[in-house]
$ cat model_19.cif   # mmCIF, C-alpha atoms
data_data
loop_
_atom_site.label_atom_id
_atom_site.label_comp_id
_atom_site.auth_asym_id
_atom_site.auth_seq_id
_atom_site.Cartn_x
_atom_site.Cartn_y
_atom_site.Cartn_z
CA MET Z 1 0.00 0.00 0.00
CA HIS Z 2 1.01 3.63 -0.39
CA ASP Z 3 1.07 6.55 2.01
CA GLN Z 4 -1.29 9.51 1.75
CA GLU Z 5 -0.39 12.30 -0.64
CA LYS Z 6 1.88 14.91 0.92
CA TYR Z 7 3.34 18.24 -0.16
CA ALA Z 8 6.86 19.66 -0.31
CA LEU Z 9 7.69 23.35 -0.77
CA VAL Z 10 10.56 23.52 -3.24
CA ASN Z 11 11.72 26.37 -5.51
CA ASP Z 12 8.80 28.47 -4.21
CA ILE Z 13 6.27 25.96 -5.51
CA SER Z 14 4.38 23.08 -3.92
CA ILE Z 15 5.09 19.55 -5.14
CA CYS Z 16 2.57 16.80 -4.38
CA TYR Z 17 4.14 13.39 -3.76
CA GLN Z 18 3.37 9.91 -2.48
CA THR Z 19 5.50 6.99 -1.30
CA PHE Z 20 5.36 3.19 -1.33
CA GLY Z 21 7.26 0.76 0.87
CA ASN Z 22 9.74 1.09 3.72
CA PRO Z 23 11.32 4.56 4.16
CA SER Z 24 14.49 2.88 5.44
CA ALA Z 25 14.96 1.06 2.11
CA PRO Z 26 17.06 2.56 -0.72
CA PRO Z 27 15.01 5.37 -2.29
CA LEU Z 28 13.82 5.14 -5.89
CA LEU Z 29 12.19 8.21 -7.44
CA LEU Z 30 9.79 7.97 -10.38
CA ILE Z 31 9.34 10.95 -12.75
CA MET Z 32 6.33 11.03 -15.09
CA GLY Z 33 6.08 12.49 -18.57
CA LEU Z 34 4.34 15.32 -20.38
CA ALA Z 35 0.74 15.95 -19.28
CA ALA Z 36 0.90 12.89 -17.03
CA GLN Z 37 0.33 12.86 -13.27
CA GLN Z 38 1.98 10.75 -10.61
CA ILE Z 39 -1.00 8.36 -10.70
CA HIS Z 40 0.01 7.39 -14.22
CA TRP Z 41 2.71 5.39 -12.47
CA ASP Z 42 0.37 2.47 -11.81
CA ASP Z 43 -0.08 1.60 -8.12
CA ASN Z 44 0.78 -2.04 -8.81
CA PHE Z 45 3.93 -1.08 -10.74
CA CYS Z 46 5.06 1.03 -7.77
CA GLN Z 47 4.20 -1.71 -5.28
CA GLN Z 48 6.15 -4.29 -7.26
CA LEU Z 49 9.21 -2.05 -7.15
CA ALA Z 50 8.72 -1.56 -3.41
CA GLN Z 51 8.49 -5.32 -2.94
CA GLN Z 52 11.94 -5.56 -4.52
CA GLY Z 53 13.32 -3.65 -1.54
CA TYR Z 54 13.00 0.02 -2.49
CA TRP Z 55 11.29 3.06 -1.01
CA VAL Z 56 9.39 4.24 -4.07
CA ILE Z 57 8.46 7.91 -4.50
CA ARG Z 58 6.21 9.32 -7.21
CA PHE Z 59 5.14 12.95 -7.63
CA ASP Z 60 3.33 15.50 -9.77
CA ASN Z 61 5.61 17.71 -11.84
CA ARG Z 62 4.94 21.44 -11.76
CA ASP Z 63 1.85 22.48 -13.75
CA ILE Z 64 0.14 19.09 -13.42
CA GLY Z 65 -1.78 17.06 -10.86
CA LYS Z 66 -1.93 18.64 -7.43
CA SER Z 67 1.39 20.46 -7.69
CA THR Z 68 1.57 24.23 -8.25
CA LYS Z 69 0.17 25.60 -11.52
CA LEU Z 70 2.11 28.54 -12.92
CA ASP Z 71 -1.00 30.19 -14.31
CA GLY Z 72 0.34 33.70 -13.87
CA ILE Z 73 3.15 33.13 -16.37
CA LYS Z 74 2.29 33.57 -20.05
CA PRO Z 75 3.70 30.79 -22.26
CA PRO Z 76 5.09 31.31 -25.78
CA SER Z 77 2.64 31.61 -28.66
CA ILE Z 78 2.12 28.84 -31.18
CA LEU Z 79 3.85 31.03 -33.78
CA SER Z 80 6.93 31.27 -31.53
CA VAL Z 81 6.99 27.51 -31.13
CA MET Z 82 6.63 27.00 -34.89
CA ALA Z 83 9.54 29.38 -35.50
CA ASN Z 84 11.56 27.47 -32.93
CA GLN Z 85 10.86 24.15 -34.65
CA TRP Z 86 11.27 25.30 -38.24
CA PHE Z 87 14.04 27.87 -37.96
CA ASN Z 88 15.67 26.85 -34.65
CA SER Z 89 15.02 30.30 -33.17
CA GLN Z 90 15.32 30.68 -29.42
CA LEU Z 91 12.15 29.93 -27.47
CA LYS Z 92 11.58 31.98 -24.33
CA ALA Z 93 9.63 29.57 -22.15
CA PRO Z 94 8.47 30.18 -18.55
CA TYR Z 95 10.80 27.36 -17.46
CA ASP Z 96 12.83 24.53 -18.95
CA LEU Z 97 13.71 20.94 -18.11
CA ASN Z 98 16.56 22.03 -15.85
CA ASP Z 99 14.08 23.96 -13.72
CA MET Z 100 11.94 20.84 -13.47
CA ALA Z 101 15.03 18.84 -12.56
CA ARG Z 102 15.72 21.32 -9.75
CA ASP Z 103 12.16 20.78 -8.52
CA THR Z 104 12.98 17.09 -8.34
CA LEU Z 105 16.23 17.77 -6.53
CA GLY Z 106 14.31 19.98 -4.09
CA LEU Z 107 11.94 17.10 -3.36
CA ILE Z 108 14.93 14.83 -2.70
CA ASP Z 109 16.28 17.43 -0.28
CA HIS Z 110 12.86 17.73 1.40
CA LEU Z 111 12.85 13.98 2.00
CA ASN Z 112 16.40 14.12 3.43
CA ILE Z 113 17.65 11.76 0.76
CA GLU Z 114 21.40 11.85 0.17
CA LYS Z 115 21.34 9.75 -3.01
CA CYS Z 116 18.63 7.85 -4.84
CA HIS Z 117 17.80 5.84 -7.92
CA ILE Z 118 16.04 7.92 -10.59
CA VAL Z 119 13.58 6.49 -13.11
CA GLY Z 120 11.96 8.78 -15.69
CA VAL Z 121 9.58 8.10 -18.56
CA SER Z 122 9.35 10.26 -21.71
CA MET Z 123 9.63 13.90 -20.52
CA GLY Z 124 10.37 12.38 -17.12
CA GLY Z 125 13.36 10.64 -18.69
CA MET Z 126 14.58 14.00 -19.95
CA ILE Z 127 14.19 15.48 -16.46
CA ALA Z 128 16.01 12.47 -15.00
CA GLN Z 129 18.89 13.04 -17.42
CA CYS Z 130 19.03 16.74 -16.50
CA LEU Z 131 19.05 15.92 -12.79
CA THR Z 132 21.90 13.44 -13.25
CA ILE Z 133 23.86 16.04 -15.21
CA ILE Z 134 23.20 18.79 -12.64
CA ALA Z 135 23.82 16.69 -9.54
CA PRO Z 136 25.47 13.35 -10.41
CA HIS Z 137 26.55 12.92 -6.78
CA ARG Z 138 22.87 12.64 -5.81
CA VAL Z 139 21.97 9.90 -8.30
CA THR Z 140 22.84 6.27 -7.58
CA SER Z 141 21.45 4.97 -10.88
CA LEU Z 142 19.58 6.45 -13.84
CA THR Z 143 16.84 4.75 -15.85
CA SER Z 144 15.58 6.65 -18.90
CA ILE Z 145 12.45 5.14 -20.48
CA MET Z 146 11.21 5.96 -24.02
CA SER Z 147 12.99 9.30 -23.89
CA THR Z 148 15.63 11.24 -25.83
CA THR Z 149 18.77 13.38 -25.59
CA GLY Z 150 17.23 16.54 -27.04
CA ASP Z 151 19.27 16.26 -30.22
CA ARG Z 152 17.10 17.92 -32.87
CA SER Z 153 18.63 15.91 -35.69
CA LEU Z 154 17.05 12.71 -34.35
CA PRO Z 155 13.87 11.34 -35.96
CA LYS Z 156 10.62 12.92 -34.82
CA ALA Z 157 7.08 11.66 -34.51
CA LYS Z 158 5.05 11.62 -37.70
CA ALA Z 159 3.07 14.77 -38.42
CA SER Z 160 -0.18 12.79 -38.23
CA VAL Z 161 0.66 11.66 -34.69
CA ILE Z 162 1.62 15.18 -33.59
CA ALA Z 163 -1.62 16.55 -35.06
CA LYS Z 164 -3.69 14.13 -33.00
CA ILE Z 165 -1.68 14.76 -29.83
CA MET Z 166 -1.94 18.53 -30.19
CA LYS Z 167 -5.68 18.53 -30.87
CA PRO Z 168 -7.49 20.69 -28.25
CA VAL Z 169 -8.75 18.66 -25.30
CA PRO Z 170 -12.53 18.85 -24.69
CA LYS Z 171 -13.46 20.60 -21.46
CA ASP Z 172 -16.41 18.38 -20.57
CA VAL Z 173 -15.63 15.20 -18.64
CA GLU Z 174 -17.04 12.69 -21.13
CA GLY Z 175 -15.45 14.41 -24.11
CA TYR Z 176 -12.13 14.57 -22.25
CA VAL Z 177 -12.19 10.88 -21.32
CA GLN Z 178 -12.99 9.70 -24.84
CA HIS Z 179 -10.35 12.02 -26.33
CA ILE Z 180 -7.64 10.80 -23.97
CA LEU Z 181 -8.62 7.15 -24.48
CA LYS Z 182 -8.14 7.55 -28.24
CA MET Z 183 -4.77 9.20 -27.69
CA TRP Z 184 -3.57 6.46 -25.33
CA LYS Z 185 -4.66 3.76 -27.76
CA LEU Z 186 -2.68 5.52 -30.48
CA LEU Z 187 0.42 5.65 -28.28
CA HIS Z 188 -0.07 2.09 -26.99
CA GLY Z 189 -0.28 0.43 -30.39
CA ASP Z 190 -2.22 -2.69 -31.30
CA TYR Z 191 0.18 -5.47 -30.29
CA TYR Z 192 -0.23 -5.59 -26.52
CA ASP Z 193 -3.63 -5.80 -24.85
CA PHE Z 194 -5.26 -2.46 -24.10
CA ASP Z 195 -7.46 -2.52 -21.00
CA ASP Z 196 -10.21 -0.05 -21.91
CA GLU Z 197 -12.00 -0.31 -18.58
CA ARG Z 198 -8.91 0.15 -16.43
CA THR Z 199 -7.57 2.96 -18.60
CA GLU Z 200 -10.91 4.80 -18.62
CA LYS Z 201 -11.04 4.58 -14.83
CA LEU Z 202 -7.54 6.06 -14.63
CA MET Z 203 -8.44 8.88 -17.04
CA ARG Z 204 -11.51 9.80 -15.01
CA ARG Z 205 -9.39 9.85 -11.86
CA ALA Z 206 -6.80 12.02 -13.59
CA ARG Z 207 -9.49 14.42 -14.88
CA GLU Z 208 -10.86 14.75 -11.36
CA ARG Z 209 -7.40 15.50 -9.92
CA CYS Z 210 -6.41 18.05 -12.54
CA PHE Z 211 -7.54 19.68 -15.78
CA ASN Z 212 -4.89 22.18 -16.87
CA PRO Z 213 -4.30 22.37 -20.65
CA ALA Z 214 -2.33 25.61 -20.20
CA GLY Z 215 0.07 23.80 -17.88
CA VAL Z 216 0.56 21.03 -20.42
CA TRP Z 217 1.46 23.67 -23.02
CA ARG Z 218 4.00 25.21 -20.63
CA GLN Z 219 5.53 21.75 -20.08
CA THR Z 220 5.68 21.27 -23.85
CA CYS Z 221 7.49 24.59 -24.21
CA ALA Z 222 9.92 23.54 -21.45
CA ILE Z 223 10.92 20.55 -23.58
CA LEU Z 224 11.30 22.64 -26.74
CA ALA Z 225 13.29 25.37 -24.97
CA SER Z 226 15.84 22.95 -23.52
CA PRO Z 227 19.19 22.37 -25.25
CA ASP Z 228 20.69 19.15 -26.57
CA ARG Z 229 22.07 17.12 -23.64
CA THR Z 230 24.30 14.77 -25.65
CA ALA Z 231 27.63 16.35 -24.75
CA GLU Z 232 26.79 16.45 -21.04
CA LEU Z 233 25.45 12.89 -21.06
CA GLN Z 234 28.78 11.72 -22.49
CA LYS Z 235 30.47 12.88 -19.27
CA LEU Z 236 28.31 10.79 -16.95
CA THR Z 237 29.71 7.89 -14.95
CA THR Z 238 26.35 7.03 -13.33
CA PRO Z 239 25.19 3.43 -13.92
CA SER Z 240 22.43 3.88 -16.48
CA LEU Z 241 19.65 1.89 -18.14
CA ILE Z 242 17.78 2.84 -21.32
CA LEU Z 243 14.40 1.24 -22.06
CA HIS Z 244 12.60 1.88 -25.35
CA GLY Z 245 9.98 0.30 -27.59
CA ASP Z 246 10.74 -0.23 -31.25
CA LYS Z 247 7.22 0.87 -32.26
CA ASP Z 248 7.15 4.14 -30.33
CA PRO Z 249 5.02 6.55 -32.41
CA LEU Z 250 5.88 9.65 -30.35
CA VAL Z 251 9.58 9.33 -29.46
CA PRO Z 252 11.06 7.07 -32.16
CA VAL Z 253 13.32 4.25 -31.01
CA GLU Z 254 16.32 5.99 -32.59
CA CYS Z 255 16.07 8.51 -29.74
CA GLY Z 256 16.54 5.74 -27.19
CA LEU Z 257 19.45 4.34 -29.17
CA ALA Z 258 21.05 7.79 -29.20
CA THR Z 259 20.59 8.09 -25.44
CA ALA Z 260 22.28 4.75 -24.86
CA LYS Z 261 25.11 5.72 -27.20
CA ALA Z 262 25.61 9.03 -25.41
CA ILE Z 263 25.82 7.68 -21.84
CA PRO Z 264 29.06 5.68 -21.33
CA ASN Z 265 28.59 2.02 -20.37
CA SER Z 266 24.81 2.30 -20.27
CA ARG Z 267 22.63 -0.76 -20.84
CA LEU Z 268 19.98 -0.68 -23.56
CA VAL Z 269 16.85 -2.85 -23.50
CA ARG Z 270 14.80 -2.59 -26.68
CA PHE Z 271 11.27 -3.99 -26.51
CA GLU Z 272 9.69 -5.36 -29.66
CA HIS Z 273 6.21 -4.06 -30.54
CA MET Z 274 6.13 -1.58 -27.63
CA GLY Z 275 4.75 1.89 -28.29
CA HIS Z 276 4.77 4.91 -25.99
CA THR Z 277 3.18 3.30 -22.93
CA LEU Z 278 4.25 0.72 -20.33
CA PRO Z 279 2.40 -2.51 -21.27
CA ARG Z 280 1.59 -4.71 -18.27
CA GLU Z 281 2.99 -7.71 -20.16
CA LEU Z 282 6.44 -6.10 -19.98
CA TRP Z 283 6.37 -4.97 -16.34
CA ASP Z 284 8.29 -7.97 -15.01
CA GLU Z 285 11.09 -7.49 -17.53
CA MET Z 286 11.19 -3.73 -16.97
CA ILE Z 287 11.24 -4.00 -13.19
CA SER Z 288 13.90 -6.71 -13.34
CA ALA Z 289 16.10 -4.45 -15.49
CA ILE Z 290 15.57 -1.46 -13.16
CA VAL Z 291 16.38 -3.57 -10.11
CA ASP Z 292 19.48 -4.98 -11.83
CA VAL Z 293 21.00 -1.58 -12.60
CA ALA Z 294 20.03 -0.25 -9.17
CA GLY Z 295 21.47 -3.27 -7.39
CA SER Z 296 24.73 -3.23 -9.33
CA ALA Z 297 25.10 0.50 -8.64
CA GLN Z 298 24.63 -0.09 -4.91
CA VAL Z 299 27.23 -2.88 -4.92
CA THR Z 300 29.71 -0.64 -6.75
CA GLU Z 301 29.15 2.19 -4.27
CA LEU Z 302 29.66 -0.18 -1.34
CA LYS Z 303 32.93 -1.43 -2.80
CA VAL Z 304 34.14 2.16 -3.26
CA LYS Z 305 33.20 3.10 0.32
CA THR Z 306 34.83 0.03 1.85
CA GLY Z 307 37.92 0.32 -0.33
#

$ encode --input "model_19.cif" --output "structure tokens"
Amino acid sequence: MHDQEKYALVNDISICYQTFGNPSAPPLLLIMGLAAQQIHWDDNFCQQLAQQGYWVIRFDNRDIGKSTKLDGIKPPSILSVMANQWFNSQLKAPYDLNDMARDTLGLIDHLNIEKCHIVGVSMGGMIAQCLTIIAPHRVTSLTSIMSTTGDRSLPKAKASVIAKIMKPVPKDVEGYVQHILKMWKLLHGDYYDFDDERTEKLMRRARERCFNPAGVWRQTCAILASPDRTAELQKLTTPSLILHGDKDPLVPVECGLATAKAIPNSRLVRFEHMGHTLPRELWDEMISAIVDVAGSAQVTELKVKTG
């Protein structure tokens, strides 16, 4: 079971978080992706990690869930974003991925954690990379899932996929739920089973916790305003794991391959038929890989400390 939701004041904003397992166990922090709340880390996924001997922490990034919404800050216009994408002009966003990484570091400080394992998915993987670059001494191991380095020369999602993702979200509950279900099915693909009932229940819960399209746009701009991390990733010595599906319609698998190539001695696990979700059929393999890199990192640290 998990603890009740709590709040941490970091960087002058409030971050909502929740924990699973024994607080005396090695900490493992989960970072969610664009437009996704902490509850999109499935309770059972978190509990399985906790059962492997970790204190699991999940949280809402800024501008989503129950964390602070930066509604008073005007985001860039669509024209500015288009100019950024087409002509590589500078995008002045309210914040970038490094700011979100510092939020995460602030949460770690709030929890009095010296070092922890970091697992990020999609935008969360980008934030996890930024955190490891900014404060490598605070990260025991890094797992980057279906994410990228920020290198603009890498393949991008097809225009048809982007068009569907960027379509305005209906404000009414039923319209919202049906819209998000269609989007998740698109990202999930048609190989692994898609649990309509369970997913719809999650989407209704997410809609009840937060409806903030403006915040999602600000998060999107944070991604676009952030620089290529490749050169900095090449300097890392943190034990790292890269997980990616070869049918990812949003962040093509080449982005995961580039991430693995950039981080020295990282391990790459490429899942056949996986899109841009975490299929339940692959949980055991994913969790096993995360536990392996975390465990090996802990053993290495112990050897260093004991000489």

$ resolve_selection --input "model_19.cif" --expression "the PyMOL selection byres ((chain Z and resi 128-145) around 8)" --output "number ranges by chain"
Z: 31, 97-98, 101-102, 104-105, 114-122, 124-127, 146-147, 229, 232-233, 236, 238-244, 256, 290, 293-294, 297-298

$ closest_atom_pairs --input "model_19.cif" --of "region 20-124 of chain Z" --to "region 218-228 of chain Z" --cutoff "8 Å" --atoms "all atoms listed in the file" --output "JSON lines"
{"residue": "Z:Leu34", "atom": "CA", "partner": "Z:Gln219", "partner_atom": "CA", "distance": 6.5}
{"residue": "Z:Ala35", "atom": "CA", "partner": "Z:Gln219", "partner_atom": "CA", "distance": 7.6}
{"residue": "Z:Asp63", "atom": "CA", "partner": "Z:Gln219", "partner_atom": "CA", "distance": 7.4}
{"residue": "Z:Pro75", "atom": "CA", "partner": "Z:Arg218", "partner_atom": "CA", "distance": 5.8}
{"residue": "Z:Pro76", "atom": "CA", "partner": "Z:Cys221", "partner_atom": "CA", "distance": 7.3}
{"residue": "Z:Val81", "atom": "CA", "partner": "Z:Cys221", "partner_atom": "CA", "distance": 7.5}
{"residue": "Z:Asn84", "atom": "CA", "partner": "Z:Leu224", "partner_atom": "CA", "distance": 7.9}
{"residue": "Z:Gln90", "atom": "CA", "partner": "Z:Ala225", "partner_atom": "CA", "distance": 7.2}
{"residue": "Z:Leu91", "atom": "CA", "partner": "Z:Ala225", "partner_atom": "CA", "distance": 5.3}
{"residue": "Z:Lys92", "atom": "CA", "partner": "Z:Ala225", "partner_atom": "CA", "distance": 6.9}
{"residue": "Z:Ala93", "atom": "CA", "partner": "Z:Cys221", "partner_atom": "CA", "distance": 5.8}
{"residue": "Z:Pro94", "atom": "CA", "partner": "Z:Arg218", "partner_atom": "CA", "distance": 7.0}
{"residue": "Z:Tyr95", "atom": "CA", "partner": "Z:Ala222", "partner_atom": "CA", "distance": 5.6}
{"residue": "Z:Asp96", "atom": "CA", "partner": "Z:Ala222", "partner_atom": "CA", "distance": 4.0}
{"residue": "Z:Leu97", "atom": "CA", "partner": "Z:Ala222", "partner_atom": "CA", "distance": 5.7}
{"residue": "Z:Asn98", "atom": "CA", "partner": "Z:Ser226", "partner_atom": "CA", "distance": 7.8}
{"residue": "Z:Met123", "atom": "CA", "partner": "Z:Ile223", "partner_atom": "CA", "distance": 7.4}

$ residues_around --input "model_19.cif" --residues "His2 (chain Z)" --least-positions-apart "3" --cutoff "8 Å" --atoms "only C-alpha atoms" --output "number ranges by chain"
Z: 18-21, 47

$ closest_residue --input "model_19.cif" --among "Z:Thr306, Z:Gln234, Z:Thr68, Z:Thr149" --to "Leu9 (chain Z)" --atoms "all atoms listed in the file"
Z:Thr68

$ residues_around --input "model_19.cif" --residues "region 190-207 of chain Z" --least-positions-apart "5" --cutoff "9 Å" --atoms "only C-alpha atoms" --output "MDAnalysis selection string"
chainID Z and resid 36:37 39:40 65 173:174 176:178 180:181 184:185 273:275 279:281

$ resolve_selection --input "model_19.cif" --expression "the PyMOL selection byres ((chain Z and resi 55) around 10)" --output "PDB file with C-alpha atoms, in the frame of the given file"
ATOM      1  CA  THR Z  19       5.500   6.990  -1.300  1.00  0.00           C
ATOM      2  CA  PHE Z  20       5.360   3.190  -1.330  1.00  0.00           C
ATOM      3  CA  GLY Z  21       7.260   0.760   0.870  1.00  0.00           C
ATOM      4  CA  ASN Z  22       9.740   1.090   3.720  1.00  0.00           C
ATOM      5  CA  PRO Z  23      11.320   4.560   4.160  1.00  0.00           C
ATOM      6  CA  SER Z  24      14.490   2.880   5.440  1.00  0.00           C
ATOM      7  CA  ALA Z  25      14.960   1.060   2.110  1.00  0.00           C
ATOM      8  CA  PRO Z  26      17.060   2.560  -0.720  1.00  0.00           C
ATOM      9  CA  PRO Z  27      15.010   5.370  -2.290  1.00  0.00           C
ATOM     10  CA  LEU Z  28      13.820   5.140  -5.890  1.00  0.00           C
ATOM     11  CA  LEU Z  29      12.190   8.210  -7.440  1.00  0.00           C
ATOM     12  CA  CYS Z  46       5.060   1.030  -7.770  1.00  0.00           C
ATOM     13  CA  GLN Z  47       4.200  -1.710  -5.280  1.00  0.00           C
ATOM     14  CA  LEU Z  49       9.210  -2.050  -7.150  1.00  0.00           C
ATOM     15  CA  ALA Z  50       8.720  -1.560  -3.410  1.00  0.00           C
ATOM     16  CA  GLN Z  51       8.490  -5.320  -2.940  1.00  0.00           C
ATOM     17  CA  GLN Z  52      11.940  -5.560  -4.520  1.00  0.00           C
ATOM     18  CA  GLY Z  53      13.320  -3.650  -1.540  1.00  0.00           C
ATOM     19  CA  TYR Z  54      13.000   0.020  -2.490  1.00  0.00           C
ATOM     20  CA  VAL Z  56       9.390   4.240  -4.070  1.00  0.00           C
ATOM     21  CA  ILE Z  57       8.460   7.910  -4.500  1.00  0.00           C
ATOM     22  CA  CYS Z 116      18.630   7.850  -4.840  1.00  0.00           C
ATOM     23  CA  HIS Z 117      17.800   5.840  -7.920  1.00  0.00           C
TER      24      HIS Z 117
END

$ atom_distance --input "model_19.cif" --atom1 "CA of Gly189 (chain Z)" --atom2 "CA of Lys247 (chain Z)"
7.7 Å

$ residues_around --input "model_19.cif" --residues "region 151-155 of chain Z" --least-positions-apart "4" --cutoff "7 Å" --atoms "only C-alpha atoms" --output "ChimeraX atom specification"
/Z:228,230,252,254-255

$ closest_residue --input "model_19.cif" --among "Z:Gln38, Z:Ser67, Z:Thr237, Z:Ser296" --to "Ala8 (chain Z)" --atoms "only C-alpha atoms"
Z:Ser67

$ atom_distance --input "model_19.cif" --atom1 "CA of Gln48 (chain Z)" --atom2 "CA of Val291 (chain Z)"
10.6 Å

$ atom_distance --input "model_19.cif" --atom1 "CA of Trp41 (chain Z)" --atom2 "CA of Pro264 (chain Z)"
27.8 Å

$ closest_residue --input "model_19.cif" --among "Z:Leu282, Z:Val169, Z:Leu107, Z:Ala258" --to "Val216 (chain Z)" --atoms "all atoms listed in the file"
Z:Val169

$ closest_residue --input "model_19.cif" --among "Z:Lys171, Z:Lys182, Z:Ala289, Z:Asn265" --to "Cys210 (chain Z)" --atoms "all atoms listed in the file"
Z:Lys171

$ closest_residue --input "model_19.cif" --among "Z:Gly150, Z:Asp3, Z:Ile64, Z:Met286" --to "Arg209 (chain Z)" --atoms "only C-alpha atoms"
Z:Ile64

$ closest_residue --input "model_19.cif" --among "Z:Glu208, Z:Asp99, Z:Glu272, Z:Asp248" --to "Lys66 (chain Z)" --atoms "only C-alpha atoms"
Z:Glu208

$ resolve_selection --input "model_19.cif" --expression "the PyMOL selection byres ((chain Z and resi 6) around 6)" --output "list of chain:residue names"
Z:Glu5, Z:Tyr7, Z:Cys16, Z:Tyr17

$ write_last_selection --input "model_19.cif" --atoms "C-alpha atoms" --output "PDB file, in the coordinates of the input"
ATOM      1  CA  GLU Z   5      -0.390  12.300  -0.640  1.00  0.00           C
ATOM      2  CA  TYR Z   7       3.340  18.240  -0.160  1.00  0.00           C
ATOM      3  CA  CYS Z  16       2.570  16.800  -4.380  1.00  0.00           C
ATOM      4  CA  TYR Z  17       4.140  13.390  -3.760  1.00  0.00           C
TER       5      TYR Z  17
END

$ decode --input "model_19.cif" --residues "region 40-52 of chain Z" --atoms "N, CA, C and O atoms" --output "CSV table (one decimal), in the first residue's frame"
chain,number,residue,atom,x,y,z
Z,40,HIS,N,-0.2,8.2,-13.0
Z,40,HIS,CA,0.0,7.4,-14.2
Z,40,HIS,C,1.1,6.4,-14.0
Z,40,HIS,O,1.4,5.5,-14.9
Z,41,TRP,N,1.9,6.5,-12.9
Z,41,TRP,CA,2.7,5.4,-12.5
Z,41,TRP,C,1.7,4.5,-11.7
Z,41,TRP,O,1.3,4.8,-10.6
Z,42,ASP,N,1.4,3.4,-12.4
Z,42,ASP,CA,0.4,2.5,-11.8
Z,42,ASP,C,0.7,2.0,-10.4
Z,42,ASP,O,1.9,1.7,-10.1
Z,43,ASP,N,-0.3,2.0,-9.5
Z,43,ASP,CA,-0.1,1.6,-8.1
Z,43,ASP,C,0.6,0.3,-8.0
Z,43,ASP,O,1.6,0.1,-7.2
Z,44,ASN,N,0.2,-0.7,-8.9
Z,44,ASN,CA,0.8,-2.0,-8.8
Z,44,ASN,C,2.2,-2.0,-9.3
Z,44,ASN,O,3.1,-2.8,-8.8
Z,45,PHE,N,2.6,-1.2,-10.3
Z,45,PHE,CA,3.9,-1.1,-10.7
Z,45,PHE,C,4.8,-0.6,-9.6
Z,45,PHE,O,5.9,-1.1,-9.3
Z,46,CYS,N,4.3,0.5,-8.9
Z,46,CYS,CA,5.1,1.0,-7.8
Z,46,CYS,C,5.2,0.0,-6.6
Z,46,CYS,O,6.3,-0.1,-6.0
Z,47,GLN,N,4.2,-0.7,-6.4
Z,47,GLN,CA,4.2,-1.7,-5.3
Z,47,GLN,C,5.2,-2.8,-5.6
Z,47,GLN,O,5.9,-3.3,-4.7
Z,48,GLN,N,5.2,-3.2,-6.9
Z,48,GLN,CA,6.2,-4.3,-7.3
Z,48,GLN,C,7.6,-3.8,-7.1
Z,48,GLN,O,8.5,-4.6,-6.6
Z,49,LEU,N,7.9,-2.6,-7.4
Z,49,LEU,CA,9.2,-2.0,-7.1
Z,49,LEU,C,9.5,-2.0,-5.7
Z,49,LEU,O,10.6,-2.4,-5.2
Z,50,ALA,N,8.5,-1.6,-4.9
Z,50,ALA,CA,8.7,-1.6,-3.4
Z,50,ALA,C,9.0,-2.9,-2.8
Z,50,ALA,O,9.8,-3.1,-1.9
Z,51,GLN,N,8.3,-3.9,-3.4
Z,51,GLN,CA,8.5,-5.3,-2.9
Z,51,GLN,C,9.9,-5.8,-3.3
Z,51,GLN,O,10.3,-6.8,-2.7
Z,52,GLN,N,10.6,-5.2,-4.2
Z,52,GLN,CA,11.9,-5.6,-4.5
Z,52,GLN,C,13.0,-4.9,-3.6
Z,52,GLN,O,14.2,-5.1,-3.7
